[in-house]
Amino acid sequence: MNSGKLQTPIDYLKGVGPNRATLLRSELGIHTYQDFLNLFPNRYIDKTQYYKIAQLQPTSADVQIIGKITHIKTVGEGRAKRLVATFIDQTGSMDLVWFRGLKWIRESLKINIPYVVFGKVQRFGSAYSIAHPDLELLEEHEKSLRIAMQPVYPSTEKLSNRGITNRVVNVLMQTLFQEVHNAIDESLSNSILDTLKLIPKKEAYLNIHFPQSQESLAKAQFRLKFEELFYIQLQLLVKNKLHKQKIKGYPFEQIGNYFTKFYNEHLPFELTEAQKRVVKEIRNDLGKPAQMNRLLQGDVGSGKTIVALLTMLIAIDNDFQACLMAPTEILAIQHYQGLSELCKDLDINIALLTGSSRTKARRIIHENLENGSLNILIGTHALLEDKVKFKNLGLAIIDEQHRFGVAQRSKLWHKNSLPPHILIMTATPIPRTLAMSVYGDLDVSVIDELPPGRKAIKTVHRYDNNRLKVFGFIRDEIKKGRQIYVVYPLIQESEALDYKDLMDGYESISREFPMPEYQISIVHGQMKPADKDYEMNRFVNGETQIMVATTVIEVGVNVPNASVMIIESAERFGLSQLHQLRGRVGRGADQSFCILMTGHKLSEDSKTRLQTMTNTNDGFEIAEVDLKLRGPGDIMGTQQSGVLNLKIADIIKDNEIMKISRNYASALLNEDPQLLKEENLPIRQMYAQLMKYKNIWNYIS
Ligand code: ADP
Ligand code: MG
């Protein structure tokens, strides 16, 4: 046991010294031996092959050649000044070229001594050359640790300009290994190593830095990625458990009359398997004396509302009240109407509270809330006002979570001695991998199945010059009695321009679809809320056929009769937004359409987004593409998450390993919650070390 050695400052490594140590610290964040050991190669170059100069092709990539330098000269003036060495083997001659460090390099080059050069070949006229090649004397090359796959390490311009080339890093890594190889302790248990057939840690480090073959490299990568993800999952799971121990909640022990009666007699349809599974997960959680903190993800239209209702019925069965908070008044009203209809045969008292509730209605609501006769309160953030006091709030459901801040949410908690259970519903799919790593401390339920009989929305991409045809299509759909959305982008930076686009669009649509035959609603951010609601309601009630709007309609409205979504300047929307918008249609029995309008000039990313939209309706698939395009940093406030500073694993590409690691971490904690078993000692030690060096508690919640 000698892991203290790995904490040695990097300055002490032979060949480093104070100058290089300073550079390694500032450029790569390497402070200790251990940091250096964890500098994993970005890629590898196959160095099992040697080329002859006569074999070179203009397309040859990185090549390795044995030969001699016969001649060195400096050519050019000023900035074009460069050092050119003539390099030959038995088959021909080529140039090696340097643009920087001329003096130092010229002095160090040896004439007529065999070298191995390595680098990217270029061809100028008929001559081949390599700029800034890696050079090694053949004699040393043969002596050095034989490396079949040459690692290429992360670097910076400053490092290579100051002579810390990839070769230098390689040599330093060899030195390091000779010194610390024995100090690399195993950090997984034998049982995990055995079941997953993982190679020992020591061997993994050796093979990641000095792989002898593709196969040994693959094993090393798997082992190290697994370990990295395993410890992240372990930390998150422990945190999740601590949370459960600390925060008590009301156990909903019984499933009573309301739930059972509704389930058996009033369900308007058979639940999908996914809905059943999710209800079971929630029931299970609610039965425990810990506060539920669950994220319910389900694509638009996947049927989250009925799950919310069933959950609320469980609360009522246990003599608690429930509330449902929606981000907009329209949504709250829709929920109120929908849920009242569903519950009409149950003896349940439901009320709606929004900013526009009248004083008298409000007073009655307050009263009934406090005396307990009101079972379910539905509303907007008006629910959070101090005057709103529940007798015994047992469950708070939040729809479309991203519109509420954490601070707002926690206001609900302070109305009771114990916090209510929380269910957050969102239609913005978070890729499973990301959910697992970033929200590992929340429990996540997923409805990954749409109710049967839904017709997939047909999505097409049309260029602006086809607008007349699109208008024709709209006319036909309206003739069939359908309603149409036309949506314009609204982006803060160009608000004025966007507003003009919207108004121009509205005018041209009004010309094309004149009154009184056609009625058009318009909704945008500069309108007063009351006017917005008025226009929105006209559309909801079918008084208008066309809704021209900015993205304010993004969230939740349900107009089953609307079957066409036209998105203008679609290239300017992000994927998840496009998907959300499309989700406004396809809610009725009729075939629905989504038309993405763009100009001809499209970036590669825009093309990918449009193609993804026309190819699939699956929100999770779309979220995965989105994640790849934007990187995880942009998605849902994950920037602060330390989870994403992965050293070797890739949160997107390695999601299979992530799942495996989560299962193993979870099994381990079930079996040995305190990590007290002898055989888990290596894990306990590693865990303690991680806790010491990085404070994982900081970045979540
Ligand atoms: P969202 O998840 O977007 O909130 P909703 O709960 O509004 O979806 O459900 C969308 C529509 O699907 C509603 O009209 C609802 O009645 C219907 N629905 C939900 N679950 C089912 C099901 N299992 N079978 C048939 N229709 C369903
Ligand atoms: Mg909904």
# chains A, B, ... in the order shown; residues from 1 in each chain; ligands from 1
>>> select_by_dssp(residues="stretch 119-173 of chain A", states="strand (DSSP E or B)", output="ChimeraX atom specification")
/A:119-124,127-131,134-137,149-152
>>> write_last_selection(atoms="C-alpha atoms", output="PDB file, in the first residue's frame")
ATOM      1  CA  GLY A 119       4.572  12.592 -38.792  1.00  0.00           C
ATOM      2  CA  LYS A 120       2.001  13.639 -41.330  1.00  0.00           C
ATOM      3  CA  VAL A 121       3.252  13.668 -44.923  1.00  0.00           C
ATOM      4  CA  GLN A 122       2.454  16.449 -47.311  1.00  0.00           C
ATOM      5  CA  ARG A 123       3.366  16.776 -50.974  1.00  0.00           C
ATOM      6  CA  PHE A 124       4.642  19.946 -52.597  1.00  0.00           C
ATOM      7  CA  ALA A 127       8.487  16.161 -53.231  1.00  0.00           C
ATOM      8  CA  TYR A 128       7.186  14.785 -49.974  1.00  0.00           C
ATOM      9  CA  SER A 129       7.800  16.458 -46.679  1.00  0.00           C
ATOM     10  CA  ILE A 130       6.870  16.244 -43.018  1.00  0.00           C
ATOM     11  CA  ALA A 131       6.570  19.418 -40.974  1.00  0.00           C
ATOM     12  CA  ASP A 134       8.712  13.405 -34.245  1.00  0.00           C
ATOM     13  CA  LEU A 135      12.331  12.270 -34.443  1.00  0.00           C
ATOM     14  CA  GLU A 136      13.973   9.512 -32.486  1.00  0.00           C
ATOM     15  CA  LEU A 137      17.372   7.935 -32.927  1.00  0.00           C
ATOM     16  CA  MET A 149       0.010   1.732 -30.521  1.00  0.00           C
ATOM     17  CA  GLN A 150       1.483   5.180 -30.057  1.00  0.00           C
ATOM     18  CA  PRO A 151      -0.668   7.287 -27.748  1.00  0.00           C
ATOM     19  CA  VAL A 152      -1.411  10.873 -28.699  1.00  0.00           C
TER      20      VAL A 152
END
>>> closest_atom_pairs(of="chain A", to="ligand 2", cutoff="12 Å", atoms="only C-alpha atoms and all ligand atoms", output="Markdown table")
| residue | atom | partner | partner_atom_place_in_ligand_line | distance |
| --- | --- | --- | --- | --- |
| A:Leu296 | CA | ligand 2 | 1 (Mg) | 11.0 |
| A:Gln297 | CA | ligand 2 | 1 (Mg) | 10.5 |
| A:Gly298 | CA | ligand 2 | 1 (Mg) | 8.9 |
| A:Asp299 | CA | ligand 2 | 1 (Mg) | 9.1 |
| A:Val300 | CA | ligand 2 | 1 (Mg) | 6.8 |
| A:Gly301 | CA | ligand 2 | 1 (Mg) | 6.9 |
| A:Ser302 | CA | ligand 2 | 1 (Mg) | 8.4 |
| A:Gly303 | CA | ligand 2 | 1 (Mg) | 7.1 |
| A:Lys304 | CA | ligand 2 | 1 (Mg) | 6.0 |
| A:Thr305 | CA | ligand 2 | 1 (Mg) | 5.8 |
| A:Ile306 | CA | ligand 2 | 1 (Mg) | 9.4 |
| A:Val307 | CA | ligand 2 | 1 (Mg) | 10.4 |
| A:Ala308 | CA | ligand 2 | 1 (Mg) | 9.6 |
| A:Leu309 | CA | ligand 2 | 1 (Mg) | 11.7 |
| A:Leu324 | CA | ligand 2 | 1 (Mg) | 11.4 |
| A:Met325 | CA | ligand 2 | 1 (Mg) | 11.3 |
| A:Ala326 | CA | ligand 2 | 1 (Mg) | 9.1 |
| A:Pro327 | CA | ligand 2 | 1 (Mg) | 10.9 |
| A:Thr328 | CA | ligand 2 | 1 (Mg) | 11.9 |
| A:Ile330 | CA | ligand 2 | 1 (Mg) | 11.8 |
| A:Leu331 | CA | ligand 2 | 1 (Mg) | 8.3 |
| A:Ala332 | CA | ligand 2 | 1 (Mg) | 10.2 |
| A:Gln334 | CA | ligand 2 | 1 (Mg) | 9.4 |
| A:His335 | CA | ligand 2 | 1 (Mg) | 8.2 |
| A:Tyr336 | CA | ligand 2 | 1 (Mg) | 12.0 |
| A:Gly338 | CA | ligand 2 | 1 (Mg) | 10.8 |
| A:Leu339 | CA | ligand 2 | 1 (Mg) | 11.8 |
| A:Ile397 | CA | ligand 2 | 1 (Mg) | 11.6 |
| A:Ile398 | CA | ligand 2 | 1 (Mg) | 10.3 |
| A:Asp399 | CA | ligand 2 | 1 (Mg) | 6.9 |
| A:Glu400 | CA | ligand 2 | 1 (Mg) | 7.6 |
| A:Gln401 | CA | ligand 2 | 1 (Mg) | 11.0 |
| A:Ile424 | CA | ligand 2 | 1 (Mg) | 11.3 |
| A:Met425 | CA | ligand 2 | 1 (Mg) | 7.9 |
| A:Thr426 | CA | ligand 2 | 1 (Mg) | 7.9 |
| A:Ala427 | CA | ligand 2 | 1 (Mg) | 7.5 |
| A:Thr428 | CA | ligand 2 | 1 (Mg) | 11.0 |
| A:Glu554 | CA | ligand 2 | 1 (Mg) | 11.6 |
| A:Val555 | CA | ligand 2 | 1 (Mg) | 8.4 |
| A:Gly556 | CA | ligand 2 | 1 (Mg) | 5.5 |
| A:Val557 | CA | ligand 2 | 1 (Mg) | 8.0 |
| A:Asn558 | CA | ligand 2 | 1 (Mg) | 8.3 |
| A:Gln580 | CA | ligand 2 | 1 (Mg) | 11.4 |
| A:Gly583 | CA | ligand 2 | 1 (Mg) | 10.5 |
| A:Arg584 | CA | ligand 2 | 1 (Mg) | 10.5 |
| A:Arg587 | CA | ligand 2 | 1 (Mg) | 11.4 |
>>> residues_around(residues="A:Asp626", least_positions_apart="5", cutoff="8 Å", atoms="only C-alpha atoms", output="PyMOL selection string")
chain A and resi 574-576+609+631
>>> write_last_selection(atoms="N, CA, C and O atoms", output="tab-separated table (two decimals), in the first residue's frame")
chain	number	residue	atom	x	y	z
A	574	GLY	N	-34.00	25.12	-31.96
A	574	GLY	CA	-33.28	23.94	-31.49
A	574	GLY	C	-34.16	22.70	-31.66
A	574	GLY	O	-35.37	22.81	-31.82
A	575	LEU	N	-33.52	21.55	-31.62
A	575	LEU	CA	-34.26	20.31	-31.86
A	575	LEU	C	-35.37	20.08	-30.84
A	575	LEU	O	-36.48	19.69	-31.18
A	576	SER	N	-35.05	20.31	-29.57
A	576	SER	CA	-36.06	19.97	-28.56
A	576	SER	C	-37.25	20.91	-28.69
A	576	SER	O	-38.39	20.52	-28.51
A	609	ARG	N	-30.62	18.78	-37.94
A	609	ARG	CA	-31.83	18.94	-37.12
A	609	ARG	C	-33.09	18.68	-37.94
A	609	ARG	O	-33.99	17.96	-37.51
A	631	GLY	N	-23.77	19.16	-27.27
A	631	GLY	CA	-22.94	18.82	-26.14
A	631	GLY	C	-23.78	18.90	-24.88
A	631	GLY	O	-24.77	19.62	-24.85
>>> atom_distance(atom1="atom CA of A:Gly4", atom2="atom CA of A:Ile208")
21.9 Å
>>> closest_residue(among="A:Arg277, A:Arg572, A:Arg358, A:Arg511", to="ligand 1", atoms="only C-alpha atoms and all ligand atoms")
A:Arg277
>>> closest_residue(among="A:Gly78, A:Gly287, A:Gly588, A:Pro18", to="ligand 1", atoms="only C-alpha atoms and all ligand atoms")
A:Gly588
>>> closest_residue(among="A:Ser126, A:Thr272, A:Asn190, A:Asn240", to="ligand 1", atoms="only C-alpha atoms and all ligand atoms")
A:Thr272
>>> select_by_dssp(residues="stretch 175-256 of chain A", states="alpha helix (DSSP H)", output="VMD selection string")
chain A and resid 175 to 180 190 to 196 201 to 209 214 to 246
>>> residues_around(residues="A:Gly92", least_positions_apart="2", cutoff="6 Å", atoms="only C-alpha atoms", output="MDAnalysis selection string")
chainID A and resid 53:54 88:89
>>> residues_around(residues="stretch 257-260 of chain A", least_positions_apart="2", cutoff="10 Å", atoms="only C-alpha atoms", output="list in words")
Gln254, Ile255, Phe262, Tyr263, Asn264, Glu265, His266, Leu309, Leu310, Thr311, Met312, Leu313, Ile314, Ala315, Ile316, Asp317, Asn318, Cys343, Leu346, Asp347 and Ile348 of chain A
>>> residues_around(residues="A:Ser569", least_positions_apart="2", cutoff="8 Å", atoms="only C-alpha atoms", output="list of chain:residue names")
A:Tyr488, A:Pro489, A:Ile567, A:Glu571, A:Arg572, A:Phe573, A:Leu596, A:Met597, A:Thr598, A:Gly599
>>> atom_distance(atom1="atom CA of A:Gln174", atom2="atom CA of A:Ile111")
27.5 Å
>>> atom_distance(atom1="atom CA of A:Ile10", atom2="atom CA of A:Pro154")
17.1 Å
>>> residues_around(residues="A:Ala204", least_positions_apart="5", cutoff="8 Å", atoms="only C-alpha atoms", output="NGL selection string")
:A and (199 or 219-221 or 223-224)
>>> closest_residue(among="A:Leu395, A:Ala274, A:Met536, A:Leu369", to="ligand 1", atoms="only C-alpha atoms and all ligand atoms")
A:Ala274
>>> decode(residues="stretch 458-485 of chain A", atoms="C-alpha atoms", output="short mmCIF file (atom, residue, chain, number, x, y, z; two decimals), in the first residue's frame")
data_model
loop_
_atom_site.label_atom_id
_atom_site.label_comp_id
_atom_site.auth_asym_id
_atom_site.auth_seq_id
_atom_site.Cartn_x
_atom_site.Cartn_y
_atom_site.Cartn_z
CA LYS A 458 -46.02 13.40 -40.93
CA THR A 459 -43.18 15.86 -40.97
CA VAL A 460 -41.79 17.50 -44.10
CA HIS A 461 -39.25 20.16 -44.88
CA ARG A 462 -40.26 22.84 -47.43
CA TYR A 463 -38.30 25.76 -48.80
CA ASP A 464 -39.73 29.26 -48.60
CA ASN A 465 -40.31 29.42 -52.36
CA ASN A 466 -42.86 26.62 -52.03
CA ARG A 467 -45.04 28.69 -49.77
CA LEU A 468 -47.93 28.88 -52.22
CA LYS A 469 -48.24 25.12 -52.25
CA VAL A 470 -48.18 25.14 -48.47
CA PHE A 471 -51.00 27.72 -48.43
CA GLY A 472 -52.95 25.44 -50.74
CA PHE A 473 -52.47 22.59 -48.32
CA ILE A 474 -53.64 24.73 -45.40
CA ARG A 475 -56.76 25.64 -47.35
CA ASP A 476 -57.57 21.97 -47.94
CA GLU A 477 -57.10 21.09 -44.28
CA ILE A 478 -59.31 23.96 -43.14
CA LYS A 479 -61.94 22.77 -45.61
CA LYS A 480 -61.87 19.45 -43.78
CA GLY A 481 -62.57 21.32 -40.57
CA ARG A 482 -59.03 21.27 -39.17
CA GLN A 483 -57.11 24.04 -37.44
CA ILE A 484 -53.61 25.26 -38.18
CA TYR A 485 -50.70 26.63 -36.17
#
